[in-house]
Amino acid sequence: MTTLFCQSCSMPLVEDSQLGTDVNGSLSQDYCKYCYENGAFTNPTCTLEEMIEICVPHVMENGMSEEEARQLMKNTLPFLKRWRTDKDQLPSFEPVRYERLDVILLQSLITTRTSNKQEMSGNGEIPQAWQQVMSLSQSSNEPSDASSNEQHECKDTTAGTNSGTVADAEPVASQTQQPLYAVYHQYENEIWGDYNFTIAVPAQDARAKASDDAVTSNHANADQTQAALTLPEAEYAVFLTRSGPVMEVVAEAWHGIWKWQSETGRKRSYSGDFELYCADKVVNGVGEVEIYIAVERA
């Protein structure tokens, strides 16, 4: 079941009793009862900055520091329906295609446990994971030959050009001939709970077999073994970012995907989602990235 969230304060809307009401008394699917009643905002003069300050104490109840809570709200609220201006309006973001893929066999380079809330707080695990994989790539002199058993072929999708959060480090797809997968899996509670973030390569990639170059980490959350990762057969909505700095375009795409998720009737299955970084599409941290979102059968 897809969780809605208030498009004013970002509160998860998990029960009908939390929903606001439209002018005809019907339940609003966009706003909570604290922000919206009888077809109007309960505090119509409230500014974005004021709403951030209203939300901070409530977010802190979940164990975040004041600084983390404020940063989370600054990263979240401007993208909600109430606060988007024409200048900030997200472009329409739709899948370039739907594609059913067989089981995908991957080799994990590093896995960490995190959440969207943690990543948006400015104290996330994902940037560190990317930094460690970059260090591995730079320290390895081993050639990375393409494997005949590659699980997913990078292909030209520019004709269809239109997805956590992106790491504060440049993905290293341009440093290897094989694609890199940034996988989001083992979801605890859809987009609201913890999930695993794994950077991986196809299982037959020679780099994944180089155990002597295993990623090292001082981070307690990181899985330091190169374990196998299997993504089940699934139907995917495939999104394509615009071409640009990957840190920027992937973050933008994810906000667009969340908007698409809130507005579409197509439900996510949460069996595993991934960003695909191809060497011929991303060079020196600039390019376009495909984002695969697992969805339920139509």
# chains A, B, ... in the order shown; residues from 1 in each chain; ligands from 1
>>> closest_atom_pairs(of="stretch 23-112 of chain A", to="stretch 187-200 of chain A", cutoff="10 Å", atoms="only C-alpha atoms", output="tab-separated table")
residue	atom	partner	partner_atom	distance
A:Leu105	CA	A:Ala200	CA	9.7
A:Leu106	CA	A:Ala200	CA	6.1
A:Gln107	CA	A:Ala200	CA	5.3
A:Ser108	CA	A:Ala200	CA	4.2
A:Leu109	CA	A:Ala200	CA	5.2
A:Ile110	CA	A:Ile199	CA	5.6
A:Thr111	CA	A:Thr198	CA	4.2
A:Thr112	CA	A:Phe197	CA	5.4
>>> write_last_selection(atoms="N, CA and C atoms", output="CSV table (one decimal), in the first residue's frame")
chain,number,residue,atom,x,y,z
A,105,LEU,N,21.5,-10.8,-10.9
A,105,LEU,CA,22.6,-11.2,-10.0
A,105,LEU,C,23.7,-10.2,-9.9
A,106,LEU,N,23.9,-9.7,-8.7
A,106,LEU,CA,24.9,-8.6,-8.5
A,106,LEU,C,25.9,-9.1,-7.4
A,107,GLN,N,27.0,-8.4,-7.4
A,107,GLN,CA,28.0,-8.5,-6.4
A,107,GLN,C,28.2,-7.2,-5.6
A,108,SER,N,27.9,-7.2,-4.4
A,108,SER,CA,27.9,-6.0,-3.6
A,108,SER,C,29.4,-5.6,-3.3
A,109,LEU,N,29.6,-4.3,-3.5
A,109,LEU,CA,30.8,-3.6,-3.1
A,109,LEU,C,30.8,-3.1,-1.7
A,110,ILE,N,29.6,-2.6,-1.4
A,110,ILE,CA,29.4,-2.1,0.0
A,110,ILE,C,27.9,-1.9,0.2
A,111,THR,N,27.5,-2.2,1.4
A,111,THR,CA,26.1,-2.1,1.8
A,111,THR,C,26.0,-1.4,3.1
A,112,THR,N,25.0,-0.5,3.2
A,112,THR,CA,24.8,0.3,4.5
A,112,THR,C,23.3,0.4,4.7
>>> closest_atom_pairs(of="stretch 79-139 of chain A", to="stretch 27-31 of chain A", cutoff="12 Å", atoms="only C-alpha atoms", output="tab-separated table")
residue	atom	partner	partner_atom	distance
A:Leu80	CA	A:Asp30	CA	9.7
A:Lys81	CA	A:Asp30	CA	8.3
A:Arg82	CA	A:Tyr31	CA	9.2
>>> write_last_selection(atoms="N, CA and C atoms", output="short mmCIF file (atom, residue, chain, number, x, y, z; two decimals), in the first residue's frame")
data_model
loop_
_atom_site.label_atom_id
_atom_site.label_comp_id
_atom_site.auth_asym_id
_atom_site.auth_seq_id
_atom_site.Cartn_x
_atom_site.Cartn_y
_atom_site.Cartn_z
N LEU A 80 6.96 20.17 -1.78
CA LEU A 80 5.57 19.79 -1.58
C LEU A 80 4.64 20.75 -2.34
N LYS A 81 3.45 20.25 -2.62
CA LYS A 81 2.50 20.95 -3.48
C LYS A 81 2.19 22.37 -3.00
N ARG A 82 2.02 22.55 -1.69
CA ARG A 82 1.64 23.87 -1.17
C ARG A 82 2.73 24.91 -1.41
#
>>> closest_residue(among="A:Pro95, A:Gly39, A:Gly25, A:Gly124", to="A:Leu72", atoms="only C-alpha atoms")
A:Gly124
>>> select_by_dssp(residues="stretch 6-47 of chain A", states="strand (DSSP E)", output="tab-separated table (two decimals) with C-alpha atoms, in the first residue's frame")
chain	number	residue	atom	x	y	z
A	12	PRO	CA	2.59	10.64	6.77
A	13	LEU	CA	-1.11	10.07	6.17
A	19	LEU	CA	-6.93	13.60	6.43
A	20	GLY	CA	-8.14	17.15	5.96
A	21	THR	CA	-11.45	17.93	4.26
A	27	LEU	CA	-11.53	13.73	2.58
A	28	SER	CA	-8.52	15.41	1.01
A	29	GLN	CA	-5.82	13.10	-0.35
A	30	ASP	CA	-3.25	15.92	-0.29
A	31	TYR	CA	-3.39	17.50	3.15
A	32	CYS	CA	-3.68	16.57	6.82
A	36	TYR	CA	-6.38	21.88	5.72
A	37	GLU	CA	-10.06	22.01	6.64
A	40	ALA	CA	-8.92	25.96	2.97
A	41	PHE	CA	-5.61	26.05	4.81
>>> atom_distance(atom1="atom CA of A:Ile52", atom2="atom CA of A:Pro245")
28.5 Å
>>> select_by_dssp(residues="stretch 32-101 of chain A", states="alpha helix (DSSP H)", output="list in words")
Leu48, Glu49, Glu50, Met51, Ile52, Glu53, Ile54, Cys55, Val56, Pro57, His58, Val59, Met60, Glu66, Glu67, Glu68, Ala69, Arg70, Gln71, Leu72, Met73, Lys74, Asn75 and Thr76 of chain A
>>> residues_around(residues="A:Arg100", least_positions_apart="4", cutoff="9 Å", atoms="only C-alpha atoms", output="PDB file with C-alpha atoms, in the first residue's frame")
ATOM      1  CA  GLU A 233      12.138 -10.795 -11.324  1.00  0.00           C
ATOM      2  CA  ALA A 234      10.084  -7.628 -11.388  1.00  0.00           C
ATOM      3  CA  GLU A 235       8.220  -5.063 -13.437  1.00  0.00           C
ATOM      4  CA  TYR A 236       9.963  -1.682 -13.454  1.00  0.00           C
ATOM      5  CA  ALA A 237       8.976   1.855 -14.278  1.00  0.00           C
TER       6      ALA A 237
END
